[in-house]
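The next block is data-v9.pdb, given as PDB, C-alpha atoms.
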ATOM      1  CA  MET X   1       0.000   0.000   0.000
ATOM      2  CA  ASN X   2       2.835   2.441   0.803
ATOM      3  CA  LYS X   3       4.439   1.828  -2.621
ATOM      4  CA  SER X   4       1.183   2.625  -4.439
ATOM      5  CA  ILE X   5       0.701   5.857  -2.428
ATOM      6  CA  LEU X   6       4.293   6.847  -3.169
ATOM      7  CA  GLY X   7       3.793   6.039  -6.864
ATOM      8  CA  VAL X   8       0.587   8.061  -7.104
ATOM      9  CA  SER X   9       2.180  10.965  -5.215
ATOM     10  CA  THR X  10       5.181  10.920  -7.562
ATOM     11  CA  LEU X  11       2.955  10.906 -10.665
ATOM     12  CA  LEU X  12       0.832  13.730  -9.247
ATOM     13  CA  PHE X  13       3.961  15.804  -8.521
ATOM     14  CA  ILE X  14       5.305  15.246 -12.060
ATOM     15  CA  ALA X  15       1.948  16.150 -13.604
ATOM     16  CA  MET X  16       1.669  19.360 -11.561
ATOM     17  CA  THR X  17       5.275  20.345 -12.361
ATOM     18  CA  SER X  18       4.704  19.741 -16.089
ATOM     19  CA  TYR X  19       1.495  21.783 -15.995
ATOM     20  CA  ALA X  20       3.248  24.653 -14.204
ATOM     21  CA  HIS X  21       6.102  24.697 -16.729
ATOM     22  CA  GLY X  22       3.675  24.858 -19.634
ATOM     23  CA  ASN X  23       1.182  27.362 -18.294
ATOM     24  CA  ALA X  24       2.512  29.521 -15.486
ATOM     25  CA  ARG X  25       4.331  32.821 -15.718
ATOM     26  CA  HIS X  26       7.951  32.203 -14.813
ATOM     27  CA  ASN X  27       9.533  34.843 -12.619
ATOM     28  CA  SER X  28      12.870  33.395 -11.632
ATOM     29  CA  HIS X  29      16.644  33.852 -11.611
ATOM     30  CA  GLY X  30      19.496  31.693 -12.854
ATOM     31  CA  LYS X  31      19.354  29.443 -15.886
ATOM     32  CA  ILE X  32      16.370  27.782 -17.560
ATOM     33  CA  TYR X  33      15.745  25.629 -20.639
ATOM     34  CA  TYR X  34      12.497  25.478 -22.597
ATOM     35  CA  GLY X  35      12.086  22.693 -25.118
ATOM     36  CA  LYS X  36       9.347  22.154 -27.669
ATOM     37  CA  GLN X  37       6.469  23.458 -25.573
ATOM     38  CA  THR X  38       4.069  26.384 -25.270
ATOM     39  CA  VAL X  39       4.228  28.772 -22.315
ATOM     40  CA  SER X  40       2.013  31.761 -21.567
ATOM     41  CA  SER X  41       4.820  34.225 -20.713
ATOM     42  CA  ILE X  42       8.365  34.424 -19.408
ATOM     43  CA  ASP X  43       9.836  36.869 -16.894
ATOM     44  CA  PHE X  44      13.348  35.696 -16.068
ATOM     45  CA  ALA X  45      16.702  37.035 -14.869
ATOM     46  CA  GLY X  46      19.614  34.960 -16.125
ATOM     47  CA  ARG X  47      20.184  32.725 -19.143
ATOM     48  CA  VAL X  48      17.160  31.440 -21.069
ATOM     49  CA  THR X  49      17.540  28.787 -23.750
ATOM     50  CA  MET X  50      14.625  28.003 -26.077
ATOM     51  CA  ASP X  51      14.496  25.146 -28.558
ATOM     52  CA  GLY X  52      11.213  24.912 -30.440
ATOM     53  CA  THR X  53       9.412  26.989 -27.801
ATOM     54  CA  THR X  54       6.267  29.089 -28.307
ATOM     55  CA  VAL X  55       5.486  31.967 -25.933
ATOM     56  CA  THR X  56       1.930  33.291 -26.360
ATOM     57  CA  GLY X  57       2.354  36.373 -24.148
ATOM     58  CA  ASP X  58       5.241  38.631 -23.205
ATOM     59  CA  THR X  59       8.864  37.569 -22.902
ATOM     60  CA  HIS X  60      10.965  39.674 -20.489
ATOM     61  CA  ILE X  61      14.566  38.630 -19.886
ATOM     62  CA  ALA X  62      17.243  40.391 -17.877
ATOM     63  CA  GLY X  63      20.275  38.470 -19.040
ATOM     64  CA  GLN X  64      20.813  36.288 -22.076
ATOM     65  CA  LEU X  65      18.434  34.649 -24.542
ATOM     66  CA  VAL X  66      19.514  31.885 -26.911
ATOM     67  CA  ALA X  67      16.555  30.898 -29.078
ATOM     68  CA  ASN X  68      16.373  28.293 -31.830
ATOM     69  CA  ASP X  69      13.084  27.804 -33.690
ATOM     70  CA  ALA X  70      11.272  29.949 -31.108
ATOM     71  CA  HIS X  71       7.943  31.678 -31.731
ATOM     72  CA  LEU X  72       7.420  34.722 -29.531
ATOM     73  CA  ASN X  73       4.644  37.272 -29.173
ATOM     74  CA  THR X  74       6.674  40.223 -27.810
ATOM     75  CA  LEU X  75      10.302  40.399 -26.731
ATOM     76  CA  ASN X  76      11.997  42.633 -24.141
ATOM     77  CA  ILE X  77      15.646  41.941 -23.355
ATOM     78  CA  ASP X  78      18.015  43.762 -21.045
ATOM     79  CA  GLY X  79      21.209  41.933 -21.986
ATOM     80  CA  SER X  80      21.822  39.935 -25.145
ATOM     81  CA  ALA X  81      19.791  37.844 -27.558
ATOM     82  CA  LYS X  82      20.780  35.330 -30.207
ATOM     83  CA  LEU X  83      17.852  34.182 -32.349
ATOM     84  CA  THR X  84      18.144  31.460 -34.990
ATOM     85  CA  GLN X  85      15.185  30.496 -37.196
ATOM     86  CA  SER X  86      12.891  32.314 -34.783
ATOM     87  CA  ASP X  87      10.102  34.853 -35.089
ATOM     88  CA  VAL X  88       8.640  37.613 -32.960
ATOM     89  CA  LYS X  89       5.103  38.737 -33.874
ATOM     90  CA  GLY X  90       4.907  41.932 -31.853
ATOM     91  CA  LYS X  91       7.263  44.697 -30.815
ATOM     92  CA  SER X  92      10.805  43.926 -29.721
ATOM     93  CA  SER X  93      13.021  46.004 -27.447
ATOM     94  CA  ILE X  94      16.627  44.973 -26.877
ATOM     95  CA  GLN X  95      18.913  46.853 -24.473
ATOM     96  CA  GLY X  96      22.186  45.224 -25.547
ATOM     97  CA  SER X  97      23.411  42.987 -28.333
ATOM     98  CA  LEU X  98      21.132  41.229 -30.801
ATOM     99  CA  LYS X  99      22.261  38.521 -33.244
ATOM    100  CA  PRO X 100      19.361  37.353 -35.417
ATOM    101  CA  ASN X 101      19.944  34.685 -38.068
ATOM    102  CA  HIS X 102      17.158  33.423 -40.363
ATOM    103  CA  SER X 103      14.642  35.177 -38.111
ATOM    104  CA  SER X 104      11.790  37.643 -38.469
ATOM    105  CA  PHE X 105      10.316  40.513 -36.481
ATOM    106  CA  GLY X 106       6.686  41.244 -37.350
ATOM    107  CA  ASP X 107       6.601  44.680 -35.755
ATOM    108  CA  ASP X 108       9.033  47.457 -34.836
ATOM    109  CA  LEU X 109      12.478  46.522 -33.532
ATOM    110  CA  SER X 110      14.135  48.862 -31.008
ATOM    111  CA  VAL X 111      17.767  48.149 -30.104
ATOM    112  CA  THR X 112      20.233  49.958 -27.852
ATOM    113  CA  THR X 113      23.576  48.969 -29.351
ATOM    114  CA  ASP X 114      26.491  50.261 -31.401
ATOM    115  CA  ASN X 115      26.346  47.567 -34.097
ATOM    116  CA  LEU X 116      23.449  45.453 -35.327
ATOM    117  CA  ILE X 117      23.937  42.741 -37.943
ATOM    118  CA  LEU X 118      20.865  41.131 -39.520
ATOM    119  CA  THR X 119      21.632  37.855 -41.284
ATOM    120  CA  SER X 120      18.856  36.415 -43.479
ATOM    121  CA  THR X 121      16.393  38.316 -41.274
ATOM    122  CA  GLN X 122      13.233  40.306 -41.993
ATOM    123  CA  THR X 123      11.812  43.158 -39.942
ATOM    124  CA  LYS X 124       9.765  46.326 -40.135
ATOM    125  CA  ASN X 125      11.082  49.617 -38.710
ATOM    126  CA  ILE X 126      14.332  49.608 -36.750
ATOM    127  CA  VAL X 127      15.207  52.205 -34.111
ATOM    128  CA  ILE X 128      18.800  52.312 -32.877
ATOM    129  CA  ASN X 129      18.757  54.042 -29.499
ATOM    130  CA  GLN X 130      21.458  56.045 -27.751
ATOM    131  CA  SER X 131      24.131  53.664 -26.449
ATOM    132  CA  ASP X 132      26.364  56.150 -24.651
ATOM    133  CA  ALA X 133      25.658  59.098 -22.381
ATOM    134  CA  ARG X 134      26.780  61.787 -24.822
ATOM    135  CA  CYS X 135      25.535  60.298 -28.065
ATOM    136  CA  THR X 136      29.012  60.449 -29.630
ATOM    137  CA  LYS X 137      29.589  56.870 -30.825
ATOM    138  CA  ASN X 138      29.122  55.867 -34.438
ATOM    139  CA  GLN X 139      26.452  53.188 -34.789
ATOM    140  CA  SER X 140      25.769  50.800 -37.647
ATOM    141  CA  VAL X 141      23.224  48.366 -39.017
ATOM    142  CA  SER X 142      24.346  45.708 -41.510
ATOM    143  CA  LEU X 143      21.847  43.868 -43.713
ATOM    144  CA  GLN X 144      23.444  40.619 -44.882
ATOM    145  CA  LYS X 145      22.426  37.501 -46.799
ATOM    146  CA  SER X 146      18.968  38.456 -48.104
ATOM    147  CA  SER X 147      17.899  40.470 -45.076
ATOM    148  CA  GLU X 148      14.982  42.863 -45.537
ATOM    149  CA  VAL X 149      13.828  45.954 -43.679
ATOM    150  CA  ASN X 150      10.284  46.866 -44.693
ATOM    151  CA  GLY X 151      10.329  50.289 -43.094
ATOM    152  CA  ASN X 152      12.730  52.940 -41.854
ATOM    153  CA  ILE X 153      15.956  52.663 -39.901
ATOM    154  CA  THR X 154      16.268  55.501 -37.377
ATOM    155  CA  PHE X 155      19.446  56.368 -35.473
ATOM    156  CA  LYS X 156      18.478  58.434 -32.419
ATOM    157  CA  CYS X 157      22.009  59.904 -32.125
ATOM    158  CA  ASP X 158      22.346  60.905 -35.808
ATOM    159  CA  HIS X 159      25.672  59.045 -36.189
ATOM    160  CA  GLY X 160      24.502  55.988 -38.102
ATOM    161  CA  THR X 161      25.586  53.984 -41.116
ATOM    162  CA  VAL X 162      23.548  51.262 -42.803
ATOM    163  CA  TYR X 163      25.427  48.664 -44.835
ATOM    164  CA  VAL X 164      23.246  46.828 -47.370
ATOM    165  CA  SER X 165      24.588  43.735 -49.143
ATOM    166  CA  LYS X 166      23.704  43.201 -52.812
ATOM    167  CA  ASP X 167      21.161  40.521 -51.946
ATOM    168  CA  SER X 168      19.515  42.472 -49.092
ATOM    169  CA  LYS X 169      16.818  45.127 -49.260
ATOM    170  CA  LEU X 170      15.896  48.341 -47.445
ATOM    171  CA  ASP X 171      12.390  49.541 -48.388
ATOM    172  CA  GLY X 172      12.349  52.661 -46.227
ATOM    173  CA  ARG X 173      14.543  55.617 -45.378
ATOM    174  CA  VAL X 174      17.521  56.024 -43.094
ATOM    175  CA  ILE X 175      16.938  58.766 -40.534
ATOM    176  CA  GLY X 176      19.979  60.096 -38.677
ATOM    177  CA  GLY X 177      22.495  58.314 -40.852
ATOM    178  CA  ASN X 178      23.503  57.261 -44.342
ATOM    179  CA  VAL X 179      23.430  54.140 -46.527
ATOM    180  CA  VAL X 180      26.338  52.251 -48.013
ATOM    181  CA  SER X 181      24.937  49.845 -50.613
ATOM    182  CA  SER X 182      26.278  46.806 -52.406
ATOM    183  CA  VAL X 183      28.468  45.532 -49.622
ATOM    184  CA  VAL X 184      29.535  41.912 -50.122
ATOM    185  CA  SER X 185      27.786  39.508 -47.716
ATOM    186  CA  SER X 186      30.156  37.681 -45.437
TER     187      SER X 186
END
What is this structure when it is put down as structure tokens?
Amino acid sequence: MNKSILGVSTLLFIAMTSYAHGNARHNSHGKIYYGKQTVSSIDFAGRVTMDGTTVTGDTHIAGQLVANDAHLNTLNIDGSAKLTQSDVKGKSSIQGSLKPNHSSFGDDLSVTTDNLILTSTQTKNIVINQSDARCTKNQSVSLQKSSEVNGNITFKCDHGTVYVSKDSKLDGRVIGGNVVSSVVSS
């Protein structure tokens, strides 16, 4: 009888833990891995790794995001983000480095950085925010390997350069900077 109670208790604990991981808002610190699953939202400080993960609500990370085949609603990062074959439907705000590869942003992308490189990535408007206190640093956006910006690229500090490879496309204007076209993709 004790073994069956222990077995039922163990199964109940596993079921409740699995339910919590799939449906609860995570507000934690440290390191966490999400596999091929759907979660309602993420609020995490530390390193988050996603592999085939769908987030239906907001994603807030203070730290590092490494996402592969992730599907996100909105994205707010204070740290760094590396996205591979991932998509963000709503607005994205990154305070730090962003490395998207074969990814897409369905709404405006706001990044506080000196250099942004889009590789085989599509987005709408890009805003490059002030990255230093005096707004003196030169900032750049590079569109490589068939990347597309279907909107404007705005440099808030007016010291920006956009590099567009031959196979990439910029459908809007550059505000606060200039464009250097026909750069060879690396």
Practice task
Using the chain letters and numbering of this document, enumerate as a PyMOL selection string the residues selected by the PyMOL selection byres ((chain X and resi 131) around 6).
Solution key: chain X and resi 112-113+130+132
For the residues selected in the previous step, produce a file with C-alpha atoms as a short mmCIF file (atom, residue, chain, number, x, y, z; two decimals), in the frame of the given file.
data_model
loop_
_atom_site.label_atom_id
_atom_site.label_comp_id
_atom_site.auth_asym_id
_atom_site.auth_seq_id
_atom_site.Cartn_x
_atom_site.Cartn_y
_atom_site.Cartn_z
CA THR X 112 20.23 49.96 -27.85
CA THR X 113 23.58 48.97 -29.35
CA GLN X 130 21.46 56.04 -27.75
CA ASP X 132 26.36 56.15 -24.65
#
Practice task
Using only C-alpha atoms, find all polymer residues with an atom at most 10 Å away from the point (9.0, 46.4, -38.3); report them as a PyMOL selection string.
Solution key: chain X and resi 89-92+104-110+122-127+149-153
Handout entry: Distance query Leu65 in chain X at most 12 Å, only C-alpha atoms, self and fewer than 5 positions along chain excluded, as a PyMOL selection string
Key = chain X and resi 31-34+42-51+59-60+70+75-84+86+94+96-100
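The interatomic distance for the pair CA of Val55 in chain X and CA of Val111 in chain X works out to 20.7 Å.
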Completion exercise
Counting only C-alpha atoms, the residue among X:Lys36, X:Lys137, X:Lys145, X:His71 that lies closest to Asp114 in chain X is X:Lys137
Handout entry: Given the PyMOL selection byres ((chain X and resi 180) around 10), the residues it picks as JSON, numbers by chain
Key = {"X": [142, 161, 162, 163, 164, 165, 178, 179, 181, 182, 183]}
Completion exercise
CA of Ser168 in chain X to CA of Asn73 in chain X measures 25.4 Å
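Of the listed residues (X:Val88, X:Ile128, X:Ser147, X:Asn138), X:Ile128 comes nearest to Val174 in chain X; the distances count only C-alpha atoms.
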Evaluate the PyMOL selection byres ((chain X and resi 160) around 6) and report residues as a PDB file with C-alpha atoms, keeping the file's coordinate frame:
ATOM      1  CA  ASN X 138      29.122  55.867 -34.438  1.00  0.00           C
ATOM      2  CA  GLN X 139      26.452  53.188 -34.789  1.00  0.00           C
ATOM      3  CA  SER X 140      25.769  50.800 -37.647  1.00  0.00           C
ATOM      4  CA  PHE X 155      19.446  56.368 -35.473  1.00  0.00           C
ATOM      5  CA  ASP X 158      22.346  60.905 -35.808  1.00  0.00           C
ATOM      6  CA  HIS X 159      25.672  59.045 -36.189  1.00  0.00           C
ATOM      7  CA  THR X 161      25.586  53.984 -41.116  1.00  0.00           C
ATOM      8  CA  GLY X 177      22.495  58.314 -40.852  1.00  0.00           C
TER       9      GLY X 177
END
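Between CA of Lys166 in chain X and CA of Asn101 in chain X the interatomic distance comes to 17.4 Å.
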Exercise for the section: Please provide as a PyMOL selection string all residues within 7 Å of His102 in chain X, with the sequence filter that same-chain residues fewer than 5 positions apart are discarded (counting all atoms listed in the file). Expected result: chain X and resi 84-85+119-121
